[in-house]
$ cat structure.tsv   # TSV, C-alpha atoms
chain	number	residue	atom	x	y	z
G	1435	MET	CA	-31.14	-8.87	-76.96
G	1436	LEU	CA	-30.56	-5.80	-74.82
G	1437	VAL	CA	-33.54	-4.89	-72.60
G	1438	ARG	CA	-33.62	-1.90	-70.28
G	1439	GLN	CA	-36.67	-0.89	-68.24
G	1440	MET	CA	-37.20	2.71	-67.10
G	1441	THR	CA	-40.23	4.12	-65.27
G	1442	VAL	CA	-41.14	7.48	-66.80
G	1443	GLY	CA	-43.72	10.24	-66.63
G	1444	MET	CA	-46.30	11.40	-64.14
G	1445	MET	CA	-48.22	8.12	-64.40
G	1446	GLY	CA	-45.31	5.76	-63.89
G	1447	VAL	CA	-45.22	4.13	-67.31
G	1448	CYS	CA	-42.71	1.34	-67.79
G	1449	CYS	CA	-40.78	2.26	-70.92
G	1450	TYR	CA	-38.44	-0.23	-72.56
G	1451	LEU	CA	-35.29	0.17	-74.57
G	1452	VAL	CA	-34.87	-2.93	-76.74
G	1453	ALA	CA	-31.79	-3.23	-78.92
G	1454	CYS	CA	-29.58	-5.52	-80.92
G	1455	PRO	CA	-26.30	-6.00	-79.01
G	1456	GLU	CA	-24.32	-6.39	-82.25
G	1457	THR	CA	-25.55	-3.46	-84.33
G	1458	ARG	CA	-26.74	-1.27	-81.42
G	1459	LYS	CA	-29.91	-0.52	-83.36
G	1460	GLY	CA	-32.98	-0.37	-81.16
G	1461	LEU	CA	-36.46	0.86	-80.35
G	1462	LEU	CA	-38.30	2.41	-77.45
G	1463	ILE	CA	-41.60	0.95	-76.30
G	1464	ASP	CA	-44.09	3.35	-74.66
G	1465	PRO	CA	-41.99	6.47	-74.08
G	1466	GLY	CA	-44.52	8.16	-71.80
G	1467	GLY	CA	-42.31	11.00	-70.58
G	1468	GLY	CA	-38.77	11.32	-69.30
G	1469	GLU	CA	-37.52	12.13	-72.78
G	1470	GLU	CA	-34.18	13.53	-71.71
G	1471	GLU	CA	-33.50	10.56	-69.44
G	1472	LEU	CA	-34.39	8.17	-72.25
G	1473	LEU	CA	-32.10	9.97	-74.67
G	1474	ALA	CA	-29.32	9.79	-72.07
G	1475	LEU	CA	-29.94	6.06	-71.62
G	1476	CYS	CA	-29.72	5.49	-75.37
G	1477	GLU	CA	-26.49	7.45	-75.53
G	1478	GLN	CA	-25.06	5.54	-72.57
G	1479	GLU	CA	-25.88	2.22	-74.26
G	1480	GLY	CA	-24.68	3.44	-77.66
G	1481	VAL	CA	-28.05	2.65	-79.23
G	1482	THR	CA	-29.56	4.31	-82.30
G	1483	ILE	CA	-33.34	4.42	-82.02
G	1484	GLU	CA	-35.20	3.41	-85.17
G	1485	TYR	CA	-38.75	3.04	-83.83
G	1486	LEU	CA	-40.95	4.54	-81.13
G	1487	VAL	CA	-43.54	1.83	-80.51
G	1488	ALA	CA	-46.86	2.43	-78.78
G	1489	THR	CA	-48.51	-0.61	-77.23
G	1490	HIS	CA	-51.63	1.58	-77.31
G	1491	GLY	CA	-52.55	5.20	-77.85
G	1492	HIS	CA	-53.32	6.45	-74.34
G	1493	PRO	CA	-51.47	9.74	-73.84
G	1494	ASP	CA	-49.53	8.51	-70.80
G	1495	HIS	CA	-47.80	5.98	-73.07
G	1496	VAL	CA	-47.13	8.20	-76.07
G	1497	CYS	CA	-46.59	11.71	-74.71
G	1498	GLY	CA	-42.84	11.51	-75.33
G	1499	ASN	CA	-43.16	10.62	-79.00
G	1500	LEU	CA	-42.93	14.09	-80.47
G	1501	ARG	CA	-39.77	15.13	-78.61
G	1502	LEU	CA	-38.08	11.78	-79.22
G	1503	LYS	CA	-39.01	11.75	-82.91
G	1504	GLN	CA	-37.53	15.22	-83.27
G	1505	ALA	CA	-34.35	14.16	-81.48
G	1506	THR	CA	-33.80	10.78	-83.16
G	1507	GLY	CA	-35.74	10.74	-86.42
G	1508	ALA	CA	-37.29	7.45	-85.32
G	1509	ALA	CA	-40.56	6.28	-86.88
G	1510	ILE	CA	-43.66	6.18	-84.69
G	1511	VAL	CA	-45.35	2.76	-84.76
G	1512	MET	CA	-48.91	1.97	-83.62
G	1513	HIS	CA	-51.58	-0.57	-84.43
G	1514	GLU	CA	-53.75	0.69	-87.27
G	1515	GLU	CA	-56.92	0.67	-85.15
G	1516	ASP	CA	-55.46	2.85	-82.40
G	1517	ASP	CA	-53.91	5.21	-84.95
G	1518	VAL	CA	-57.45	5.91	-86.21
G	1519	PHE	CA	-59.24	5.72	-82.84
G	1520	PHE	CA	-57.00	8.21	-81.06
G	1521	GLY	CA	-57.43	10.69	-83.87
G	1522	GLU	CA	-61.22	10.87	-83.46
G	1523	PRO	CA	-62.31	14.27	-82.08
G	1524	GLN	CA	-64.45	12.85	-79.26
G	1525	VAL	CA	-61.61	10.57	-78.13
G	1526	VAL	CA	-59.11	13.43	-78.21
G	1527	GLN	CA	-61.51	15.55	-76.18
G	1528	TYR	CA	-62.03	12.81	-73.57
G	1529	PHE	CA	-58.35	12.03	-73.01
G	1530	SER	CA	-57.34	15.67	-73.04
G	1531	MET	CA	-58.40	15.62	-69.37
G	1532	LEU	CA	-55.07	13.95	-68.63
G	1533	GLY	CA	-53.26	17.11	-69.64
G	1534	LEU	CA	-50.70	15.16	-71.69
G	1535	PRO	CA	-49.80	15.59	-75.36
G	1536	PHE	CA	-51.03	13.04	-77.85
G	1537	SER	CA	-48.70	11.28	-80.25
G	1538	PRO	CA	-48.28	12.56	-83.78
G	1539	PRO	CA	-49.84	10.20	-86.32
G	1540	ALA	CA	-48.05	6.91	-86.83
G	1541	ASP	CA	-45.38	6.72	-89.50
G	1542	ARG	CA	-46.00	2.99	-89.66
G	1543	THR	CA	-49.10	1.07	-88.66
G	1544	VAL	CA	-49.05	-2.61	-87.79
G	1545	ARG	CA	-51.41	-5.57	-87.55
G	1546	HIS	CA	-51.39	-8.87	-85.69
G	1547	GLY	CA	-48.48	-11.02	-86.82
G	1548	ASP	CA	-46.35	-8.20	-88.22
G	1549	THR	CA	-42.72	-7.96	-87.15
G	1550	LEU	CA	-40.48	-5.08	-86.18
G	1551	THR	CA	-36.79	-5.66	-86.79
G	1552	VAL	CA	-33.81	-3.77	-85.38
G	1553	GLY	CA	-30.49	-5.31	-86.29
G	1554	THR	CA	-30.74	-9.02	-85.50
G	1555	VAL	CA	-33.71	-8.59	-83.15
G	1556	SER	CA	-37.24	-9.20	-84.42
G	1557	LEU	CA	-40.36	-8.60	-82.35
G	1558	THR	CA	-43.73	-10.04	-83.33
G	1559	VAL	CA	-46.84	-7.89	-82.96
G	1560	ILE	CA	-49.63	-9.56	-80.98
G	1561	HIS	CA	-52.92	-7.69	-81.26
G	1562	THR	CA	-54.62	-7.78	-77.85
G	1563	PRO	CA	-57.70	-5.54	-78.00
G	1564	GLY	CA	-59.68	-4.81	-74.87
G	1565	HIS	CA	-57.79	-2.05	-73.09
G	1566	THR	CA	-57.98	-0.14	-76.36
G	1567	PRO	CA	-59.16	-1.27	-79.81
G	1568	GLY	CA	-55.61	-1.41	-81.16
G	1569	GLY	CA	-53.71	-2.53	-78.10
G	1570	ILE	CA	-50.69	-4.70	-78.86
G	1571	CYS	CA	-48.00	-6.70	-77.13
G	1572	LEU	CA	-44.56	-7.36	-78.58
G	1573	TYR	CA	-42.96	-10.79	-78.38
G	1574	ALA	CA	-39.39	-11.92	-78.91
G	1575	ALA	CA	-38.81	-15.14	-76.99
G	1576	PRO	CA	-38.45	-15.22	-74.08
G	1577	HIS	CA	-39.61	-11.61	-73.69
G	1578	LEU	CA	-43.17	-10.25	-73.86
G	1579	PHE	CA	-43.71	-6.50	-73.66
G	1580	ALA	CA	-47.30	-6.48	-72.48
G	1581	GLY	CA	-48.26	-2.80	-72.36
G	1582	ASP	CA	-51.47	-2.33	-70.39
G	1583	THR	CA	-52.91	-5.66	-71.47
G	1584	LEU	CA	-51.34	-7.70	-68.65
G	1585	PHE	CA	-49.76	-6.52	-65.41
G	1586	VAL	CA	-48.12	-8.43	-62.58
G	1587	GLY	CA	-51.19	-9.70	-60.76
G	1588	GLY	CA	-53.57	-7.57	-62.80
G	1589	VAL	CA	-54.93	-6.61	-66.20
G	1590	GLY	CA	-55.61	-3.34	-67.97
G	1591	ARG	CA	-58.65	-1.28	-67.09
G	1592	THR	CA	-61.55	-1.24	-69.52
G	1593	ASP	CA	-63.68	1.68	-68.32
G	1594	PHE	CA	-62.17	4.19	-70.74
G	1595	PRO	CA	-63.63	4.76	-74.23
G	1596	GLY	CA	-62.71	1.83	-76.46
G	1597	GLY	CA	-62.35	-0.59	-73.56
G	1598	ASP	CA	-64.04	-4.00	-73.42
G	1599	SER	CA	-63.41	-6.33	-70.47
G	1600	ARG	CA	-64.57	-9.53	-72.15
G	1601	GLN	CA	-62.47	-8.79	-75.21
G	1602	LEU	CA	-59.43	-8.07	-73.02
G	1603	LEU	CA	-59.70	-11.35	-71.12
G	1604	THR	CA	-60.20	-13.24	-74.39
G	1605	SER	CA	-57.08	-11.58	-75.82
G	1606	ILE	CA	-55.05	-12.63	-72.79
G	1607	LYS	CA	-56.38	-16.19	-72.77
G	1608	GLU	CA	-56.03	-16.86	-76.49
G	1609	ARG	CA	-52.93	-14.88	-77.37
G	1610	LEU	CA	-50.79	-14.54	-74.23
G	1611	LEU	CA	-51.44	-17.55	-71.99
G	1612	THR	CA	-50.68	-19.78	-74.97
G	1613	LEU	CA	-47.05	-18.57	-74.93
G	1614	PRO	CA	-44.44	-20.70	-73.14
G	1615	PRO	CA	-44.81	-20.47	-69.34
G	1616	GLU	CA	-41.24	-19.22	-68.96
G	1617	THR	CA	-42.01	-16.15	-71.09
G	1618	VAL	CA	-40.93	-13.01	-69.22
G	1619	VAL	CA	-43.77	-10.51	-68.86
G	1620	TRP	CA	-42.67	-6.88	-68.93
G	1621	PRO	CA	-45.74	-4.77	-67.97
G	1622	GLY	CA	-46.75	-1.27	-69.00
G	1623	HIS	CA	-46.93	-0.18	-65.34
G	1624	GLY	CA	-45.22	-1.70	-62.32
G	1625	TYR	CA	-48.34	-1.78	-60.16
G	1626	GLY	CA	-47.75	-5.32	-58.89
G	1627	GLY	CA	-44.07	-5.61	-59.74
G	1628	ALA	CA	-41.54	-4.88	-62.43
G	1629	ARG	CA	-41.74	-8.24	-64.18
G	1630	SER	CA	-43.35	-11.66	-64.05
G	1631	SER	CA	-43.84	-14.69	-66.27
G	1632	ILE	CA	-46.72	-16.16	-68.23
G	1633	GLY	CA	-46.66	-19.25	-66.02
G	1634	GLU	CA	-46.84	-17.19	-62.84
G	1635	GLU	CA	-49.69	-15.04	-64.15
G	1636	ALA	CA	-51.63	-18.10	-65.29
G	1637	ARG	CA	-51.24	-19.59	-61.79
G	1638	SER	CA	-51.82	-16.60	-59.56
G	1639	ASN	CA	-53.29	-13.56	-61.34
G	1640	PRO	CA	-56.75	-13.21	-59.74
G	1641	PHE	CA	-58.24	-11.80	-62.94
G	1642	LEU	CA	-57.23	-14.97	-64.77
G	1643	THR	CA	-58.00	-17.60	-62.16
G	1644	GLY	CA	-61.46	-16.49	-61.06
G	1645	GLY	CA	-63.42	-18.72	-63.39
G	1646	TRP	CA	-64.54	-15.81	-65.58
G	1647	TRP	CA	-63.75	-17.66	-68.77
$ encode --input "structure.tsv" --output "structure tokens"
Amino acid sequence: MLVRQMTVGMMGVCCYLVACPETRKGLLIDPGGGEEELLALCEQEGVTIEYLVATHGHPDHVCGNLRLKQATGAAIVMHEEDDVFFGEPQVVQYFSMLGLPFSPPADRTVRHGDTLTVGTVSLTVIHTPGHTPGGICLYAAPHLFAGDTLFVGGVGRTDFPGGDSRQLLTSIKERLLTLPPETVVWPGHGYGGARSSIGEEARSNPFLTGGWW
């Protein structure tokens, strides 16, 4: 599996190009800006983008969707709960303060346990609500694309509309820390580092070792 990490946009989102090395079919996870650079990366790698996947609907993670959809014809993918939540007028009004465009509606919505396949690569959708109602991670052993659910040494904030700290920690405990310890964690922002592992986060992430369970 081909994995390329690129930090994009005004809020430093970690976007991922994930592709099948045989067919060169791929997807982009959280294209939060830097559209021209991402298109150049795809061209350099010879990858055809089939999906634009949002780990959640916050504008900093989806603001590149419209331009990239127009350029590639790729389908926008989001969890069904976030597709609805981020279309609600009061939510749009709140997040408009970021000054970033929202994503067009999803072409395909997903639920926990669904899979996204590009060539020979299949990623499993793990629903991890808490940062947003429809937050997801994507798993293809040994890689976990964690969005804003789990960072290196941190977790996603829950003070925005739709956030729930207890739900977030439960999602991490029950659905992420149960993955093999060698699982590579690719975060949605590089606040504490560009990558980690499930074992390392279970051992040293202060949000997970403070006895809050």
$ residues_around --input "structure.tsv" --residues "Gln1439 of chain G" --least-positions-apart "2" --cutoff "9 Å" --atoms "only C-alpha atoms" --output "list in words"
Val1437, Thr1441, Cys1448, Cys1449, Tyr1450, Leu1451, Val1452, Trp1620 and Ala1628 of chain G
$ closest_residue --input "structure.tsv" --among "G:Lys1503, G:Lys1607, G:Arg1591, G:Arg1629" --to "Gly1564 of chain G" --atoms "all atoms listed in the file"
G:Arg1591
$ residues_around --input "structure.tsv" --residues "Ala1505 of chain G" --least-positions-apart "2" --cutoff "10 Å" --atoms "all atoms listed in the file" --output "list in words"
Glu1469, Glu1470, Leu1473, Ile1483, Asn1499, Leu1500, Arg1501, Leu1502, Lys1503, Gly1507 and Ala1508 of chain G
$ atom_distance --input "structure.tsv" --atom1 "atom CA of Phe1519 of chain G" --atom2 "atom CA of Val1544 of chain G"
14.1 Å
$ residues_near_point --input "structure.tsv" --point "(-63.0, 0.4, -70.0)" --cutoff "12 Å" --atoms "all atoms listed in the file" --output "PDB file with C-alpha atoms, keeping the file's coordinate frame"
ATOM      1  CA  PRO G1563     -57.700  -5.540 -78.000  1.00  0.00           C
ATOM      2  CA  GLY G1564     -59.680  -4.810 -74.870  1.00  0.00           C
ATOM      3  CA  HIS G1565     -57.790  -2.050 -73.090  1.00  0.00           C
ATOM      4  CA  THR G1566     -57.980  -0.140 -76.360  1.00  0.00           C
ATOM      5  CA  PRO G1567     -59.160  -1.270 -79.810  1.00  0.00           C
ATOM      6  CA  ASP G1582     -51.470  -2.330 -70.390  1.00  0.00           C
ATOM      7  CA  THR G1583     -52.910  -5.660 -71.470  1.00  0.00           C
ATOM      8  CA  VAL G1589     -54.930  -6.610 -66.200  1.00  0.00           C
ATOM      9  CA  GLY G1590     -55.610  -3.340 -67.970  1.00  0.00           C
ATOM     10  CA  ARG G1591     -58.650  -1.280 -67.090  1.00  0.00           C
ATOM     11  CA  THR G1592     -61.550  -1.240 -69.520  1.00  0.00           C
ATOM     12  CA  ASP G1593     -63.680   1.680 -68.320  1.00  0.00           C
ATOM     13  CA  PHE G1594     -62.170   4.190 -70.740  1.00  0.00           C
ATOM     14  CA  PRO G1595     -63.630   4.760 -74.230  1.00  0.00           C
ATOM     15  CA  GLY G1596     -62.710   1.830 -76.460  1.00  0.00           C
ATOM     16  CA  GLY G1597     -62.350  -0.590 -73.560  1.00  0.00           C
ATOM     17  CA  ASP G1598     -64.040  -4.000 -73.420  1.00  0.00           C
ATOM     18  CA  SER G1599     -63.410  -6.330 -70.470  1.00  0.00           C
ATOM     19  CA  ARG G1600     -64.570  -9.530 -72.150  1.00  0.00           C
ATOM     20  CA  GLN G1601     -62.470  -8.790 -75.210  1.00  0.00           C
ATOM     21  CA  LEU G1602     -59.430  -8.070 -73.020  1.00  0.00           C
TER      22      LEU G1602
END
$ closest_residue --input "structure.tsv" --among "G:Cys1571, G:Cys1476, G:Leu1486, G:Ile1560" --to "Ser1537 of chain G" --atoms "all atoms listed in the file"
G:Leu1486
$ closest_residue --input "structure.tsv" --among "G:Ala1474, G:Val1481, G:Leu1584, G:Leu1603" --to "Glu1635 of chain G" --atoms "all atoms listed in the file"
G:Leu1584
$ residues_around --input "structure.tsv" --residues "Ile1510 of chain G" --least-positions-apart "5" --cutoff "12 Å" --atoms "only C-alpha atoms" --output "PyMOL selection string"
chain G and resi 1461-1465+1483-1491+1496-1504+1517+1537-1544+1550
$ build_atoms --input "structure.tsv" --residues "segment 1456-1488 of chain G" --atoms "N, CA and C atoms" --output "PDB file, in the coordinates of the input"
ATOM      1  N   GLU G1456     -25.374  -6.444 -81.240  1.00  0.00           N
ATOM      2  CA  GLU G1456     -24.320  -6.390 -82.250  1.00  0.00           C
ATOM      3  C   GLU G1456     -24.319  -5.069 -83.015  1.00  0.00           C
ATOM      4  N   THR G1457     -25.474  -4.671 -83.500  1.00  0.00           N
ATOM      5  CA  THR G1457     -25.550  -3.460 -84.330  1.00  0.00           C
ATOM      6  C   THR G1457     -25.849  -2.204 -83.521  1.00  0.00           C
ATOM      7  N   ARG G1458     -26.325  -2.378 -82.293  1.00  0.00           N
ATOM      8  CA  ARG G1458     -26.740  -1.270 -81.420  1.00  0.00           C
ATOM      9  C   ARG G1458     -27.885  -0.472 -82.044  1.00  0.00           C
ATOM     10  N   LYS G1459     -28.670  -1.107 -82.883  1.00  0.00           N
ATOM     11  CA  LYS G1459     -29.910  -0.520 -83.360  1.00  0.00           C
ATOM     12  C   LYS G1459     -31.021  -0.945 -82.411  1.00  0.00           C
ATOM     13  N   GLY G1460     -31.973  -0.025 -82.135  1.00  0.00           N
ATOM     14  CA  GLY G1460     -32.980  -0.370 -81.160  1.00  0.00           C
ATOM     15  C   GLY G1460     -34.274   0.394 -81.342  1.00  0.00           C
ATOM     16  N   LEU G1461     -35.175   0.187 -80.378  1.00  0.00           N
ATOM     17  CA  LEU G1461     -36.460   0.860 -80.350  1.00  0.00           C
ATOM     18  C   LEU G1461     -36.840   1.148 -78.912  1.00  0.00           C
ATOM     19  N   LEU G1462     -37.732   2.096 -78.758  1.00  0.00           N
ATOM     20  CA  LEU G1462     -38.300   2.410 -77.450  1.00  0.00           C
ATOM     21  C   LEU G1462     -39.773   2.048 -77.473  1.00  0.00           C
ATOM     22  N   ILE G1463     -40.205   1.334 -76.444  1.00  0.00           N
ATOM     23  CA  ILE G1463     -41.600   0.950 -76.300  1.00  0.00           C
ATOM     24  C   ILE G1463     -42.238   1.825 -75.222  1.00  0.00           C
ATOM     25  N   ASP G1464     -43.303   2.525 -75.586  1.00  0.00           N
ATOM     26  CA  ASP G1464     -44.090   3.350 -74.660  1.00  0.00           C
ATOM     27  C   ASP G1464     -43.282   4.437 -73.956  1.00  0.00           C
ATOM     28  N   PRO G1465     -42.713   5.360 -74.695  1.00  0.00           N
ATOM     29  CA  PRO G1465     -41.990   6.470 -74.080  1.00  0.00           C
ATOM     30  C   PRO G1465     -42.959   7.536 -73.547  1.00  0.00           C
ATOM     31  N   GLY G1466     -43.496   7.297 -72.364  1.00  0.00           N
ATOM     32  CA  GLY G1466     -44.520   8.160 -71.800  1.00  0.00           C
ATOM     33  C   GLY G1466     -43.961   9.250 -70.907  1.00  0.00           C
ATOM     34  N   GLY G1467     -42.953   9.954 -71.368  1.00  0.00           N
ATOM     35  CA  GLY G1467     -42.310  11.000 -70.580  1.00  0.00           C
ATOM     36  C   GLY G1467     -40.847  10.691 -70.377  1.00  0.00           C
ATOM     37  N   GLY G1468     -40.182  11.547 -69.583  1.00  0.00           N
ATOM     38  CA  GLY G1468     -38.770  11.320 -69.300  1.00  0.00           C
ATOM     39  C   GLY G1468     -37.896  11.309 -70.526  1.00  0.00           C
ATOM     40  N   GLU G1469     -38.217  12.174 -71.491  1.00  0.00           N
ATOM     41  CA  GLU G1469     -37.520  12.130 -72.780  1.00  0.00           C
ATOM     42  C   GLU G1469     -36.019  12.335 -72.643  1.00  0.00           C
ATOM     43  N   GLU G1470     -35.613  13.262 -71.826  1.00  0.00           N
ATOM     44  CA  GLU G1470     -34.180  13.530 -71.710  1.00  0.00           C
ATOM     45  C   GLU G1470     -33.461  12.361 -71.056  1.00  0.00           C
ATOM     46  N   GLU G1471     -34.107  11.739 -70.078  1.00  0.00           N
ATOM     47  CA  GLU G1471     -33.500  10.560 -69.440  1.00  0.00           C
ATOM     48  C   GLU G1471     -33.407   9.392 -70.411  1.00  0.00           C
ATOM     49  N   LEU G1472     -34.429   9.249 -71.258  1.00  0.00           N
ATOM     50  CA  LEU G1472     -34.390   8.170 -72.250  1.00  0.00           C
ATOM     51  C   LEU G1472     -33.304   8.416 -73.292  1.00  0.00           C
ATOM     52  N   LEU G1473     -33.166   9.647 -73.716  1.00  0.00           N
ATOM     53  CA  LEU G1473     -32.100   9.970 -74.670  1.00  0.00           C
ATOM     54  C   LEU G1473     -30.728   9.718 -74.045  1.00  0.00           C
ATOM     55  N   ALA G1474     -30.583  10.043 -72.756  1.00  0.00           N
ATOM     56  CA  ALA G1474     -29.320   9.790 -72.070  1.00  0.00           C
ATOM     57  C   ALA G1474     -29.044   8.295 -71.956  1.00  0.00           C
ATOM     58  N   LEU G1475     -30.097   7.507 -71.694  1.00  0.00           N
ATOM     59  CA  LEU G1475     -29.940   6.060 -71.620  1.00  0.00           C
ATOM     60  C   LEU G1475     -29.490   5.499 -72.966  1.00  0.00           C
ATOM     61  N   CYS G1476     -30.100   5.960 -74.042  1.00  0.00           N
ATOM     62  CA  CYS G1476     -29.720   5.490 -75.370  1.00  0.00           C
ATOM     63  C   CYS G1476     -28.264   5.843 -75.681  1.00  0.00           C
ATOM     64  N   GLU G1477     -27.874   7.039 -75.305  1.00  0.00           N
ATOM     65  CA  GLU G1477     -26.490   7.450 -75.530  1.00  0.00           C
ATOM     66  C   GLU G1477     -25.531   6.598 -74.697  1.00  0.00           C
ATOM     67  N   GLN G1478     -25.902   6.362 -73.455  1.00  0.00           N
ATOM     68  CA  GLN G1478     -25.060   5.540 -72.570  1.00  0.00           C
ATOM     69  C   GLN G1478     -24.870   4.136 -73.136  1.00  0.00           C
ATOM     70  N   GLU G1479     -25.943   3.582 -73.709  1.00  0.00           N
ATOM     71  CA  GLU G1479     -25.880   2.220 -74.260  1.00  0.00           C
ATOM     72  C   GLU G1479     -25.364   2.202 -75.694  1.00  0.00           C
ATOM     73  N   GLY G1480     -25.158   3.382 -76.284  1.00  0.00           N
ATOM     74  CA  GLY G1480     -24.680   3.440 -77.660  1.00  0.00           C
ATOM     75  C   GLY G1480     -25.690   2.940 -78.670  1.00  0.00           C
ATOM     76  N   VAL G1481     -26.974   3.182 -78.396  1.00  0.00           N
ATOM     77  CA  VAL G1481     -28.050   2.650 -79.230  1.00  0.00           C
ATOM     78  C   VAL G1481     -28.647   3.750 -80.105  1.00  0.00           C
ATOM     79  N   THR G1482     -28.846   3.445 -81.377  1.00  0.00           N
ATOM     80  CA  THR G1482     -29.560   4.310 -82.300  1.00  0.00           C
ATOM     81  C   THR G1482     -31.006   3.862 -82.369  1.00  0.00           C
ATOM     82  N   ILE G1483     -31.926   4.767 -82.063  1.00  0.00           N
ATOM     83  CA  ILE G1483     -33.340   4.420 -82.020  1.00  0.00           C
ATOM     84  C   ILE G1483     -33.964   4.539 -83.414  1.00  0.00           C
ATOM     85  N   GLU G1484     -34.554   3.428 -83.863  1.00  0.00           N
ATOM     86  CA  GLU G1484     -35.200   3.410 -85.170  1.00  0.00           C
ATOM     87  C   GLU G1484     -36.721   3.497 -85.089  1.00  0.00           C
ATOM     88  N   TYR G1485     -37.299   3.020 -83.974  1.00  0.00           N
ATOM     89  CA  TYR G1485     -38.750   3.040 -83.830  1.00  0.00           C
ATOM     90  C   TYR G1485     -39.142   3.515 -82.433  1.00  0.00           C
ATOM     91  N   LEU G1486     -40.273   4.215 -82.374  1.00  0.00           N
ATOM     92  CA  LEU G1486     -40.950   4.540 -81.130  1.00  0.00           C
ATOM     93  C   LEU G1486     -42.276   3.795 -81.181  1.00  0.00           C
ATOM     94  N   VAL G1487     -42.405   2.745 -80.386  1.00  0.00           N
ATOM     95  CA  VAL G1487     -43.540   1.830 -80.510  1.00  0.00           C
ATOM     96  C   VAL G1487     -44.535   2.063 -79.383  1.00  0.00           C
ATOM     97  N   ALA G1488     -45.789   2.278 -79.758  1.00  0.00           N
ATOM     98  CA  ALA G1488     -46.860   2.430 -78.780  1.00  0.00           C
ATOM     99  C   ALA G1488     -47.618   1.119 -78.643  1.00  0.00           C
TER     100      ALA G1488
END
